[in-house]
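Shown here: entry.cif, mmCIF, C-alpha atoms.
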```
data_my_file
loop_
_atom_site.label_atom_id
_atom_site.label_comp_id
_atom_site.auth_asym_id
_atom_site.auth_seq_id
_atom_site.Cartn_x
_atom_site.Cartn_y
_atom_site.Cartn_z
CA MET A 1 39.03 -31.40 17.81
CA ASP A 2 42.34 -29.58 17.49
CA LEU A 3 44.72 -30.12 20.40
CA LEU A 4 47.14 -27.55 21.75
CA GLU A 5 50.83 -28.09 21.06
CA HIS A 6 51.66 -29.43 24.52
CA GLN A 7 48.74 -31.87 24.37
CA GLY A 8 49.85 -33.11 20.98
CA LYS A 9 53.40 -33.55 22.21
CA GLN A 10 52.19 -35.63 25.12
CA LEU A 11 50.61 -38.00 22.59
CA PHE A 12 53.81 -37.85 20.53
CA ALA A 13 55.88 -38.96 23.50
CA GLU A 14 53.49 -41.82 24.27
CA ALA A 15 53.75 -42.98 20.64
CA GLY A 16 57.56 -42.96 20.75
CA LEU A 17 58.14 -39.75 18.79
CA PRO A 18 61.15 -37.72 19.96
CA VAL A 19 60.18 -34.54 21.82
CA LEU A 20 62.11 -32.12 24.02
CA PRO A 21 61.73 -31.70 27.78
CA SER A 22 59.13 -29.02 28.45
CA VAL A 23 56.82 -27.51 31.09
CA VAL A 24 53.43 -25.80 30.71
CA ALA A 25 53.26 -22.38 32.40
CA ARG A 26 50.36 -19.98 32.87
CA THR A 27 52.15 -17.07 34.54
CA PRO A 28 55.51 -15.35 33.98
CA GLN A 29 56.66 -16.65 37.37
CA GLU A 30 55.82 -20.24 36.43
CA ALA A 31 57.70 -19.76 33.16
CA ARG A 32 60.78 -18.53 35.04
CA ARG A 33 60.70 -21.54 37.38
CA ALA A 34 60.33 -23.85 34.38
CA ALA A 35 63.38 -22.26 32.77
CA GLY A 36 65.33 -23.00 35.92
CA GLN A 37 64.52 -26.69 35.49
CA LEU A 38 65.24 -26.82 31.75
CA GLY A 39 67.89 -24.14 31.09
CA PRO A 40 70.17 -22.60 30.24
CA ARG A 41 68.53 -21.83 26.85
CA VAL A 42 64.78 -22.31 26.47
CA CYS A 43 62.05 -21.48 24.01
CA VAL A 44 58.86 -19.80 25.27
CA LYS A 45 55.90 -20.68 23.04
CA ALA A 46 52.31 -19.40 23.01
CA GLN A 47 49.74 -22.19 23.30
CA THR A 48 46.92 -21.28 20.93
CA LYS A 49 45.02 -23.22 18.28
CA THR A 50 46.31 -21.16 15.38
CA GLY A 51 49.25 -21.06 13.02
CA GLY A 52 51.68 -18.20 12.52
CA ARG A 53 52.65 -17.95 16.18
CA GLY A 54 56.30 -17.33 15.38
CA LYS A 55 55.61 -14.56 12.88
CA ALA A 56 53.26 -12.93 15.40
CA GLY A 57 55.98 -12.90 18.08
CA GLY A 58 54.48 -15.74 20.10
CA ILE A 59 57.64 -17.89 20.08
CA ARG A 60 60.89 -16.60 21.60
CA VAL A 61 64.25 -18.13 22.45
CA CYS A 62 65.66 -16.90 25.76
CA GLY A 63 69.04 -17.31 27.41
CA THR A 64 68.36 -16.14 30.97
CA ALA A 65 65.60 -16.44 33.56
CA VAL A 66 64.99 -12.69 33.38
CA GLU A 67 64.49 -12.90 29.61
CA VAL A 68 62.09 -15.82 30.07
CA GLU A 69 59.93 -13.96 32.57
CA ALA A 70 59.80 -10.84 30.38
CA ALA A 71 59.00 -12.86 27.24
CA ALA A 72 56.31 -14.82 29.08
CA ALA A 73 54.63 -11.61 30.27
CA ASP A 74 54.64 -10.21 26.74
CA ILE A 75 53.28 -13.36 25.12
CA LEU A 76 50.55 -13.91 27.72
CA ALA A 77 49.28 -10.40 26.94
CA MET A 78 48.98 -11.23 23.24
CA THR A 79 46.02 -12.21 21.08
CA ILE A 80 47.16 -14.15 18.01
CA HIS A 81 44.74 -14.20 15.08
CA GLY A 82 41.84 -13.67 17.45
CA HIS A 83 43.03 -16.27 19.98
CA PRO A 84 44.07 -14.94 23.41
CA VAL A 85 47.15 -16.61 24.84
CA GLU A 86 46.33 -18.23 28.18
CA ALA A 87 49.18 -20.73 28.50
CA LEU A 88 52.80 -21.17 27.47
CA LEU A 89 55.06 -24.10 26.71
CA VAL A 90 58.57 -23.58 28.05
CA GLU A 91 60.82 -25.98 26.16
CA ARG A 92 64.54 -26.71 26.03
CA ALA A 93 66.12 -24.97 23.02
CA VAL A 94 68.23 -26.82 20.44
CA ASP A 95 70.53 -25.83 17.59
CA ILE A 96 68.93 -26.68 14.27
CA ALA A 97 70.83 -28.00 11.25
CA ARG A 98 67.81 -28.73 9.02
CA GLU A 99 64.04 -28.37 9.14
CA LEU A 100 61.76 -31.05 7.66
CA TYR A 101 58.00 -31.54 7.37
CA LEU A 102 56.15 -34.77 8.18
CA ALA A 103 52.40 -35.33 8.42
CA ILE A 104 49.60 -37.84 8.02
CA THR A 105 46.19 -36.46 7.20
CA VAL A 106 42.87 -37.39 5.64
CA SER A 107 42.93 -36.95 1.87
CA ARG A 108 39.66 -36.26 0.09
CA GLU A 109 41.36 -37.21 -3.16
CA VAL A 110 42.16 -40.79 -2.10
CA ARG A 111 39.43 -40.98 0.55
CA GLY A 112 41.85 -42.20 3.16
CA PRO A 113 45.05 -41.39 5.06
CA MET A 114 47.89 -39.66 3.21
CA LEU A 115 51.55 -39.51 4.25
CA ILE A 116 53.14 -36.15 3.37
CA PHE A 117 56.85 -35.33 3.65
CA ALA A 118 59.01 -32.41 2.57
CA ARG A 119 62.74 -31.90 3.05
CA GLU A 120 62.02 -28.23 3.77
CA GLY A 121 59.83 -27.46 6.78
CA GLY A 122 59.08 -24.48 8.96
CA VAL A 123 56.90 -21.43 8.58
CA ASP A 124 56.88 -21.33 4.78
CA ILE A 125 55.82 -24.90 3.97
CA GLU A 126 52.77 -23.55 2.12
CA GLU A 127 55.03 -21.50 -0.14
CA LEU A 128 57.09 -24.62 -0.92
CA ALA A 129 53.93 -26.43 -2.01
CA LYS A 130 53.26 -23.63 -4.50
CA ARG A 131 56.86 -23.08 -5.58
CA ALA A 132 58.01 -26.68 -5.95
CA PRO A 133 55.13 -29.17 -5.64
CA ASP A 134 57.41 -31.99 -6.82
CA ALA A 135 59.54 -31.49 -3.70
CA ILE A 136 56.71 -32.85 -1.56
CA VAL A 137 56.30 -36.63 -1.17
CA ARG A 138 52.71 -37.84 -0.99
CA ARG A 139 51.93 -41.50 -0.37
CA PRO A 140 48.39 -42.84 0.22
CA ILE A 141 48.18 -45.27 3.15
CA ASP A 142 45.90 -48.28 2.93
CA PRO A 143 43.89 -48.26 6.20
CA LEU A 144 44.05 -52.07 6.38
CA LEU A 145 47.71 -52.55 5.45
CA GLY A 146 48.97 -49.45 7.24
CA LEU A 147 52.19 -47.59 6.50
CA LEU A 148 54.41 -49.83 4.38
CA GLU A 149 58.18 -50.02 4.51
CA TYR A 150 58.68 -48.87 0.93
CA GLN A 151 56.77 -45.69 1.82
CA VAL A 152 59.06 -45.15 4.81
CA ARG A 153 62.07 -45.60 2.50
CA ASP A 154 60.59 -43.02 0.12
CA VAL A 155 60.59 -40.51 2.99
CA VAL A 156 64.18 -41.26 3.96
CA ASP A 157 65.33 -41.09 0.33
CA ALA A 158 63.57 -37.75 -0.14
CA ALA A 159 65.32 -36.36 2.96
CA ALA A 160 68.63 -37.04 1.16
CA PHE A 161 70.78 -36.98 4.25
CA GLY A 162 74.37 -36.66 3.09
CA PRO A 163 77.83 -36.90 4.64
CA ASP A 164 77.68 -33.22 5.53
CA ASP A 165 74.50 -33.69 7.59
CA PRO A 166 74.88 -34.35 11.33
CA GLY A 167 74.11 -37.93 12.21
CA GLY A 168 74.56 -39.37 8.70
CA THR A 169 72.82 -42.74 8.29
CA GLY A 170 71.72 -42.57 11.92
CA ALA A 171 69.56 -39.56 11.05
CA GLY A 172 67.88 -41.58 8.30
CA LYS A 173 67.05 -44.38 10.73
CA ALA A 174 65.62 -41.87 13.21
CA LEU A 175 63.49 -40.29 10.50
CA ALA A 176 62.17 -43.71 9.46
CA GLU A 177 61.19 -44.52 13.02
CA ALA A 178 59.51 -41.12 13.38
CA ALA A 179 57.36 -41.87 10.32
CA ARG A 180 56.34 -45.27 11.73
CA SER A 181 55.53 -43.75 15.13
CA LEU A 182 53.48 -40.96 13.59
CA TRP A 183 51.38 -43.54 11.75
CA ARG A 184 50.79 -45.48 14.99
CA LEU A 185 49.66 -42.28 16.68
CA TYR A 186 47.34 -41.38 13.80
CA ARG A 187 45.81 -44.87 13.73
CA ASP A 188 45.57 -45.60 17.45
CA ARG A 189 44.29 -42.16 18.46
CA ASP A 190 41.66 -41.82 15.71
CA CYS A 191 43.31 -38.72 14.29
CA THR A 192 42.33 -36.80 11.20
CA LEU A 193 45.66 -34.94 11.28
CA ALA A 194 49.04 -35.65 12.88
CA GLU A 195 51.59 -33.08 11.74
CA VAL A 196 55.16 -32.25 12.73
CA ASN A 197 56.35 -28.90 11.40
CA PRO A 198 59.17 -28.56 11.80
CA LEU A 199 60.69 -31.97 12.36
CA VAL A 200 64.29 -30.91 12.87
CA LEU A 201 67.72 -32.43 12.53
CA THR A 202 69.85 -30.87 15.25
CA THR A 203 73.54 -30.04 14.97
CA GLY A 204 74.07 -32.98 17.31
CA GLY A 205 72.50 -35.38 14.79
CA GLU A 206 69.17 -35.91 16.61
CA VAL A 207 65.76 -35.91 14.91
CA ILE A 208 63.32 -33.97 17.12
CA CYS A 209 59.64 -32.98 16.85
CA LEU A 210 59.84 -29.24 17.45
CA ASP A 211 56.10 -28.65 17.08
CA SER A 212 52.91 -30.70 17.01
CA LYS A 213 49.56 -30.30 15.35
CA VAL A 214 47.07 -33.04 16.21
CA THR A 215 43.39 -33.22 15.38
CA VAL A 216 41.37 -36.04 16.96
CA ASP A 217 37.98 -37.12 15.65
CA GLU A 218 35.49 -35.93 18.29
CA ASN A 219 33.31 -38.95 17.59
CA ALA A 220 36.10 -41.17 18.93
CA PHE A 221 36.62 -39.39 22.25
CA TYR A 222 34.78 -42.15 24.08
CA ARG A 223 37.68 -44.43 23.14
CA HIS A 224 40.26 -42.02 24.52
CA PRO A 225 39.17 -40.83 27.98
CA ASP A 226 42.72 -39.64 28.68
CA VAL A 227 42.52 -37.08 25.86
CA VAL A 228 40.93 -34.04 27.44
CA PRO A 229 39.70 -31.58 24.79
CA PRO A 230 40.75 -27.99 25.44
CA PRO A 231 37.94 -25.73 26.60
CA PRO A 232 36.20 -23.76 23.84
CA GLU A 233 37.65 -20.31 23.24
CA ASP A 234 34.28 -18.96 22.11
CA ASP A 235 31.00 -18.70 24.05
CA ARG A 236 29.05 -19.88 21.03
CA GLU A 237 31.23 -22.97 20.68
CA ALA A 238 30.86 -23.71 24.41
CA LYS A 239 27.06 -23.54 24.27
CA ALA A 240 26.92 -25.62 21.11
CA ARG A 241 29.21 -28.29 22.54
CA ALA A 242 27.06 -28.50 25.66
CA ALA A 243 24.07 -29.18 23.39
CA GLY A 244 25.98 -31.76 21.35
CA LEU A 245 26.16 -29.61 18.22
CA ALA A 246 28.98 -29.20 15.72
CA PHE A 247 29.86 -25.49 15.75
CA VAL A 248 32.83 -23.57 14.30
CA PRO A 249 33.03 -19.78 14.81
CA LEU A 250 33.84 -17.78 11.67
CA ASP A 251 34.48 -14.08 11.12
CA GLY A 252 31.45 -13.00 9.06
CA ASP A 253 28.12 -11.44 9.97
CA ILE A 254 25.60 -14.00 8.62
CA GLY A 255 24.65 -16.81 10.99
CA VAL A 256 24.31 -20.23 9.33
CA ILE A 257 22.39 -23.20 10.72
CA GLY A 258 21.78 -26.38 8.74
CA ASN A 259 21.45 -30.13 9.05
CA GLY A 260 24.39 -32.05 7.65
CA ALA A 261 27.98 -30.87 7.27
CA GLY A 262 27.82 -30.96 3.49
CA LEU A 263 24.71 -28.79 3.36
CA VAL A 264 26.14 -26.27 5.84
CA MET A 265 29.46 -26.03 3.97
CA SER A 266 27.63 -25.63 0.66
CA THR A 267 25.52 -22.86 2.18
CA ILE A 268 28.61 -21.06 3.45
CA ASP A 269 30.19 -21.31 -0.01
CA GLN A 270 27.02 -19.95 -1.63
CA ILE A 271 26.97 -17.02 0.78
CA ALA A 272 30.59 -16.24 -0.07
CA GLY A 273 29.82 -16.49 -3.79
CA ALA A 274 27.01 -13.98 -3.36
CA GLY A 275 29.33 -11.52 -1.63
CA GLY A 276 28.47 -12.29 2.00
CA ARG A 277 30.45 -13.81 4.90
CA ALA A 278 29.29 -16.52 7.26
CA ALA A 279 29.56 -15.98 11.02
CA ASP A 280 29.68 -19.67 11.83
CA PHE A 281 29.37 -23.28 10.79
CA CYS A 282 26.55 -24.94 12.77
CA ASP A 283 25.37 -28.47 11.97
CA ILE A 284 22.32 -29.61 13.93
CA GLY A 285 22.57 -33.17 12.59
CA GLY A 286 20.40 -35.50 10.61
CA GLY A 287 17.69 -36.20 13.18
CA ALA A 288 17.47 -32.83 14.87
CA ARG A 289 14.28 -32.08 16.82
CA SER A 290 12.85 -28.79 18.02
CA GLU A 291 15.04 -28.52 21.13
CA VAL A 292 18.18 -28.96 19.00
CA ALA A 293 17.15 -26.18 16.63
CA GLN A 294 16.47 -23.98 19.63
CA ALA A 295 19.89 -24.78 21.12
CA ALA A 296 21.57 -23.91 17.82
CA LEU A 297 19.94 -20.49 17.65
CA GLU A 298 20.77 -19.77 21.29
CA ALA A 299 24.41 -20.75 20.70
CA LEU A 300 24.65 -18.52 17.65
CA PHE A 301 23.39 -15.49 19.54
CA ALA A 302 25.74 -16.07 22.48
CA GLY A 303 28.50 -14.43 20.43
CA PRO A 304 28.97 -11.13 18.60
CA PRO A 305 25.87 -9.62 16.98
CA VAL A 306 25.00 -10.89 13.51
CA ALA A 307 23.28 -9.00 10.72
CA ALA A 308 21.03 -11.90 9.70
CA VAL A 309 20.60 -15.67 10.05
CA LEU A 310 20.05 -18.33 7.40
CA VAL A 311 18.47 -21.61 8.49
CA ASN A 312 18.78 -24.16 5.69
CA ILE A 313 17.06 -27.50 6.38
CA PHE A 314 16.54 -30.47 4.11
CA GLY A 315 14.35 -33.00 5.86
CA GLY A 316 15.28 -36.65 5.53
CA ILE A 317 15.28 -38.16 8.99
CA THR A 318 14.72 -34.63 10.27
CA ARG A 319 11.12 -33.40 10.19
CA CYS A 320 11.02 -29.79 9.05
CA GLU A 321 7.96 -29.30 11.26
CA ASP A 322 10.02 -30.07 14.38
CA VAL A 323 12.77 -27.68 13.32
CA ALA A 324 10.20 -24.93 12.67
CA ARG A 325 8.74 -25.35 16.17
CA GLY A 326 12.19 -25.08 17.71
CA LEU A 327 12.95 -21.92 15.78
CA VAL A 328 9.69 -20.29 16.83
CA GLU A 329 10.28 -21.19 20.48
CA ALA A 330 13.87 -19.96 20.40
CA ILE A 331 13.08 -16.69 18.66
CA LYS A 332 10.30 -15.94 21.14
CA ALA A 333 12.22 -17.04 24.24
CA ALA A 334 15.38 -15.10 23.42
CA ARG A 335 13.47 -12.21 21.85
CA VAL A 336 15.70 -12.35 18.78
CA ASP A 337 15.12 -9.33 16.55
CA ALA A 338 17.71 -10.18 13.88
CA PRO A 339 16.19 -11.10 10.50
CA VAL A 340 15.99 -14.87 10.02
CA VAL A 341 15.65 -16.41 6.57
CA VAL A 342 14.38 -20.02 6.63
CA ARG A 343 14.45 -22.58 3.85
CA LEU A 344 12.68 -25.87 4.56
CA ASP A 345 12.53 -28.73 2.08
CA GLY A 346 11.90 -32.47 2.21
CA ASN A 347 10.21 -34.36 5.05
CA ALA A 348 7.26 -32.39 6.50
CA ALA A 349 8.30 -29.19 4.75
CA GLU A 350 4.72 -28.04 4.20
CA GLU A 351 3.91 -28.63 7.85
CA GLY A 352 7.02 -26.62 8.79
CA HIS A 353 5.92 -23.74 6.58
CA ALA A 354 2.53 -23.82 8.27
CA VAL A 355 4.13 -23.61 11.73
CA LEU A 356 6.18 -20.56 10.74
CA GLU A 357 3.28 -18.86 8.99
CA ALA A 358 1.01 -19.42 11.98
CA ALA A 359 3.59 -17.90 14.31
CA ALA A 360 3.67 -14.75 12.14
CA LEU A 361 7.04 -13.64 13.48
CA PRO A 362 7.86 -10.27 11.85
CA ASN A 363 11.58 -11.00 11.50
CA VAL A 364 11.23 -14.44 9.83
CA THR A 365 11.17 -14.79 6.04
CA LEU A 366 10.49 -18.06 4.22
CA ALA A 367 12.52 -18.90 1.12
CA LEU A 368 11.43 -21.51 -1.40
CA ASP A 369 14.89 -22.70 -2.49
CA PRO A 370 18.57 -22.35 -1.46
CA ASP A 371 19.41 -19.74 -4.09
CA GLU A 372 16.57 -17.47 -2.98
CA ALA A 373 17.49 -17.99 0.68
CA VAL A 374 21.13 -16.98 0.07
CA ARG A 375 20.13 -13.97 -2.03
CA LEU A 376 17.71 -12.75 0.64
CA VAL A 377 20.07 -13.18 3.59
CA VAL A 378 23.01 -11.51 1.82
CA ASP A 379 20.83 -8.56 0.77
CA ILE A 380 19.56 -8.18 4.33
CA ALA A 381 23.08 -8.34 5.77
CA ARG A 382 24.32 -5.69 3.33
CA LYS A 383 21.50 -3.30 4.18
CA ARG A 384 21.98 -3.75 7.92
CA ALA A 385 25.75 -3.30 7.61
CA ALA A 386 25.09 0.03 5.95
CA ALA A 387 22.59 1.06 8.66
CA PRO A 388 23.60 3.03 11.79
CA ALA A 389 25.30 1.00 14.52
CA ALA A 390 22.27 1.44 16.76
CA GLU A 391 20.29 -0.80 14.42
CA THR A 392 22.73 -3.74 14.74
CA ALA A 393 20.98 -7.00 15.64
CA VAL A 394 20.82 -7.86 19.33
CA VAL A 395 19.19 -10.38 21.56
CA ALA A 396 17.07 -8.64 24.17
CA PRO A 397 17.65 -9.70 27.78
CA PRO A 398 14.91 -11.59 29.61
CA ASP A 399 12.21 -9.52 31.27
CA GLY A 400 13.49 -7.90 34.45
CA ALA A 401 17.17 -8.21 33.56
CA GLU A 402 19.46 -5.24 33.04
CA ALA A 403 20.29 -4.42 29.42
#
```
Let's see the structure in the file written out as structure tokens.
Amino acid sequence: MDLLEHQGKQLFAEAGLPVLPSVVARTPQEARRAAGQLGPRVCVKAQTKTGGRGKAGGIRVCGTAVEVEAAAADILAMTIHGHPVEALLVERAVDIARELYLAITVSREVRGPMLIFAREGGVDIEELAKRAPDAIVRRPIDPLLGLLEYQVRDVVDAAAFGPDDPGGTGAGKALAEAARSLWRLYRDRDCTLAEVNPLVLTTGGEVICLDSKVTVDENAFYRHPDVVPPPPEDDREAKARAAGLAFVPLDGDIGVIGNGAGLVMSTIDQIAGAGGRAADFCDIGGGARSEVAQAALEALFAGPPVAAVLVNIFGGITRCEDVARGLVEAIKAARVDAPVVVRLDGNAAEEGHAVLEAAALPNVTLALDPDEAVRLVVDIARKRAAAPAAETAVVAPPDGAEA
């Protein structure tokens, strides 16, 4: 679960990382009052779970209360990369001498935590990785031994603070302590990502976390009752979370439901390879029963209309028969008229096929293997995209309700 900047900074402060005084505001008037507490110069920052806020105009430095209120009104009216801005962080502004990058994340390559540092941070860190990959320090962290002192020294050496840098050797010590604190946060809070970009050296010689990006493993929330996940920004995500499903909204027009994250991601990749675009990532889990399959379909159709749906199930613990029953119940209950392509394989697959065939739903097509399922659903989506708008898939309202 990605946290908003102000939530991440709260965890930063608790872990001993240096952050600036700040106040969360949800109206221009609250932002102006916050500026009065923090002034004279403050930064007004959009609180959304997306990058590129600065380039989109969602971060502004203001010198007066009038400027703060005007900037807050503008930013609160924005939608950044599809995310409406509903809150602001009003933070004391500082003069920056240098921008750095520091993060700890899960590395698939080493199958464990990875420390990443770059002496250039800010909005173009991705370009640095392409332009000068050797400028980025990467050190795998042993989960049992933790962050070691030689790895901390590697970070400080790579920063190359010189006599012309504010703070001198003191800045190096502050950077070292920031690296140690970030590891403690990552470890103690069950993070999959703890990132500071930029980590700045101010003209006064202080090392400050100017931004935060923290992702906490949802499966560990029971160990952290004080970490309140932000509410879902999407109706589909909200319904899925209520049903205990893993759901990520995407920007395509083909709904995807599967059991197991690897299978769902593989299906999404196959759809992309065939020229289609997935509308979501929805994992119903390894032991999903009929009610879970029904909840997944209901969550999917709580959002924008989709052209078609692909349900890809490989039964291990899951019985394909149970999933088939749930799909039939959901399609009938919600009166779904979007085409649904279903691939069932593994445990009780034949029984699942029998359930779907007996239901004889006109909009359900059975596929024998993943390749056929992807080909069918992409072809259907293309044809429906080319059809008049009136033929776009919808979910009919219950009997007696207004359309």
In terms of the shortest atom-to-atom distance over only C-alpha atoms, which of A:Phe117, A:Tyr186, A:Phe247, A:Tyr222 is closest to Gly8 (chain A)?
-> A:Tyr186
Which residue, A:Ile141, A:Ala13, A:Leu20, A:Ala349, has the smallest gap to Ile208 (chain A) when you use all atoms listed in the file?
->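 Under the stated criterion, the closest residue is A:Leu20.
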In the coordinates of the file, take the point (25.9, -13.6, 18.9) and a cut-off of 10 Å; then, counting only C-alpha atoms, name each qualifying protein, DNA or RNA residue as a list in words.
->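 Checking each residue against the 10 Å limit leaves Asp235, Arg236, Asp253, Gly255, Ala279, Leu297, Glu298, Ala299, Leu300, Phe301, Ala302, Gly303, Pro304, Pro305, Val306, Ala307, Ala393, Val394 and Val395 of chain A.
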Which residues come within 10 Å of Val264 (chain A), counting only C-alpha atoms, excluding same-chain residues fewer than 2 positions away, as a list in words?
->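 Here the answer would be Val256, Ile257, Gly258, Asn259, Gly260, Ala261, Gly262, Ser266, Thr267, Ile268, Asp269, Gln270, Asp280, Phe281, Cys282, Asp283, Ile284, Val311, Asn312 and Ile313 of chain A.
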Got a sec to resolve the PyMOL selection byres ((chain A and resi 97) around 10) on this structure and send the residues as a list in words?
->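 Applying the expression gives Val94, Asp95, Ile96, Arg98, Glu99, Asp165, Pro166, Val200, Leu201, Thr202, Thr203, Gly204, Gly205 and Glu206 of chain A.
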Target residues per the PyMOL selection byres ((chain A and resi 271) around 10), formatted as a list of chain:residue names |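 That selection, the PyMOL selection byres ((chain A and resi 271) around 10), comes back as A:Ile254, A:Val256, A:Met265, A:Ser266, A:Thr267, A:Ile268, A:Asp269, A:Gln270, A:Ala272, A:Gly273, A:Ala274, A:Gly275, A:Gly276, A:Arg277, A:Ala278, A:Leu310, A:Asp371, A:Ala373, A:Val374, A:Arg375, A:Val377, A:Val378.
Nearest residue to Arg189 (chain A) among A:Val342, A:Leu11, A:Leu3, A:Ala359 is A:Leu11, counting all atoms listed in the file.
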Report the centre and edge lengths, in Å to one decimal, of an axis-aligned box enclosing every atom of region 40-44 of chain A listed in the file, padded by 8 Å on each side, as lines of an AutoDock Vina configuration file.
```
center_x = 64.5
center_y = -21.2
center_z = 27.1
size_x = 27.3
size_y = 18.8
size_z = 22.2
```
Name every residue that the PyMOL selection byres ((chain A and resi 241) around 12) selects in this structure, writing the answer as a ChimeraX atom specification with chains first and numbers rising.
-> /A:1,218,229-240,242-248,282-284,292,295-296,299-300
Rank nothing, just name the residue among A:Leu366, A:Ala308, A:Cys320, A:Ala358 nearest to Asp345 (chain A), using all atoms listed in the file.
-> A:Cys320
Which of these residues is nearest to His6 (chain A), using only C-alpha atoms: A:Ala334, A:Ala176, A:Leu88, A:Ala72?
->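 Among A:Ala334, A:Ala176, A:Leu88, A:Ala72, it is A:Leu88 that comes nearest to His6 (chain A).
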One-decimal distance in Å that lies between CA of Pro113 (chain A) and CA of Ile136 (chain A) =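 Atom-to-atom, CA of Ile136 (chain A) and CA of Pro113 (chain A) are spaced 15.9 Å apart.
Residues within 7 Å of Ala93 (chain A), counting only C-alpha atoms and excluding same-chain residues fewer than 3 positions away, are Arg41, Val42 and Cys43 of chain A.
CA of His224 (chain A) lies 27.4 Å from CA of Pro84 (chain A).
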Of A:Phe12, A:Tyr101, A:Phe161, A:Phe221, the one nearest to Leu185 (chain A) when counting only C-alpha atoms is A:Phe12
Report the distance between CA of Val336 (chain A) and CA of His83 (chain A) in Å, rounded to one decimal place.
->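 Between CA of Val336 (chain A) and CA of His83 (chain A) the gap works out to 27.6 Å.
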Local residues around (15.2, -34.5, 0.6), at most 9 Å away, using all atoms listed in the file, as an MDAnalysis selection string | chainID A and resid 314:316 345:347
Next, write the just-selected residues to a file, as a JSON list (two decimals), in the coordinates of the input, keeping C-alpha atoms as the atom set.
```json
[["chain", "number", "residue", "atom", "x", "y", "z"],
["A", 314, "PHE", "CA", 16.54, -30.47, 4.11],
["A", 315, "GLY", "CA", 14.35, -33.00, 5.86],
["A", 316, "GLY", "CA", 15.28, -36.65, 5.53],
["A", 345, "ASP", "CA", 12.53, -28.73, 2.08],
["A", 346, "GLY", "CA", 11.90, -32.47, 2.21],
["A", 347, "ASN", "CA", 10.21, -34.36, 5.05]]
```
Near Gly51 (chain A), counting only C-alpha atoms, which residues have an atom at most 12 Å away, once you skip same-chain residues fewer than 5 positions from it, shown as a list in words?
-> Asp2, Leu4, Glu5, Ala46, Ala56, Gly57, Gly58, Ile59, Ile80, His81, Gly82, His83, Gly122, Val123, Asp124, Ile125, Glu126, Asn197, Asp211, Ser212 and Lys213 of chain A
Would you mind completing region 252-264 of chain A to N, CA and C atoms and writing the output as a PDB file, keeping the file's coordinate frame?
```
ATOM      1  N   GLY A 252      32.412 -13.798   9.821  1.00  0.00           N
ATOM      2  CA  GLY A 252      31.450 -13.000   9.060  1.00  0.00           C
ATOM      3  C   GLY A 252      30.317 -12.478   9.912  1.00  0.00           C
ATOM      4  N   ASP A 253      29.240 -12.033   9.249  1.00  0.00           N
ATOM      5  CA  ASP A 253      28.120 -11.440   9.970  1.00  0.00           C
ATOM      6  C   ASP A 253      26.783 -12.114   9.637  1.00  0.00           C
ATOM      7  N   ILE A 254      26.823 -13.269   8.948  1.00  0.00           N
ATOM      8  CA  ILE A 254      25.600 -14.000   8.620  1.00  0.00           C
ATOM      9  C   ILE A 254      25.634 -15.348   9.328  1.00  0.00           C
ATOM     10  N   GLY A 255      24.726 -15.537  10.282  1.00  0.00           N
ATOM     11  CA  GLY A 255      24.650 -16.810  10.990  1.00  0.00           C
ATOM     12  C   GLY A 255      24.138 -17.903  10.065  1.00  0.00           C
ATOM     13  N   VAL A 256      24.707 -19.095  10.184  1.00  0.00           N
ATOM     14  CA  VAL A 256      24.310 -20.230   9.330  1.00  0.00           C
ATOM     15  C   VAL A 256      24.000 -21.433  10.201  1.00  0.00           C
ATOM     16  N   ILE A 257      22.802 -21.982  10.022  1.00  0.00           N
ATOM     17  CA  ILE A 257      22.390 -23.200  10.720  1.00  0.00           C
ATOM     18  C   ILE A 257      21.816 -24.149   9.661  1.00  0.00           C
ATOM     19  N   GLY A 258      22.280 -25.400   9.683  1.00  0.00           N
ATOM     20  CA  GLY A 258      21.780 -26.380   8.740  1.00  0.00           C
ATOM     21  C   GLY A 258      21.881 -27.778   9.302  1.00  0.00           C
ATOM     22  N   ASN A 259      21.354 -28.746   8.581  1.00  0.00           N
ATOM     23  CA  ASN A 259      21.450 -30.130   9.050  1.00  0.00           C
ATOM     24  C   ASN A 259      22.284 -30.941   8.053  1.00  0.00           C
ATOM     25  N   GLY A 260      23.455 -31.336   8.500  1.00  0.00           N
ATOM     26  CA  GLY A 260      24.390 -32.050   7.650  1.00  0.00           C
ATOM     27  C   GLY A 260      25.569 -31.162   7.303  1.00  0.00           C
ATOM     28  N   ALA A 261      26.790 -31.678   7.512  1.00  0.00           N
ATOM     29  CA  ALA A 261      27.980 -30.870   7.270  1.00  0.00           C
ATOM     30  C   ALA A 261      28.089 -30.421   5.820  1.00  0.00           C
ATOM     31  N   GLY A 262      27.732 -31.319   4.896  1.00  0.00           N
ATOM     32  CA  GLY A 262      27.820 -30.960   3.490  1.00  0.00           C
ATOM     33  C   GLY A 262      26.892 -29.811   3.122  1.00  0.00           C
ATOM     34  N   LEU A 263      25.669 -29.858   3.641  1.00  0.00           N
ATOM     35  CA  LEU A 263      24.710 -28.790   3.360  1.00  0.00           C
ATOM     36  C   LEU A 263      25.168 -27.467   3.961  1.00  0.00           C
ATOM     37  N   VAL A 264      25.692 -27.512   5.189  1.00  0.00           N
ATOM     38  CA  VAL A 264      26.140 -26.270   5.840  1.00  0.00           C
ATOM     39  C   VAL A 264      27.326 -25.676   5.076  1.00  0.00           C
TER      40      VAL A 264
END
```
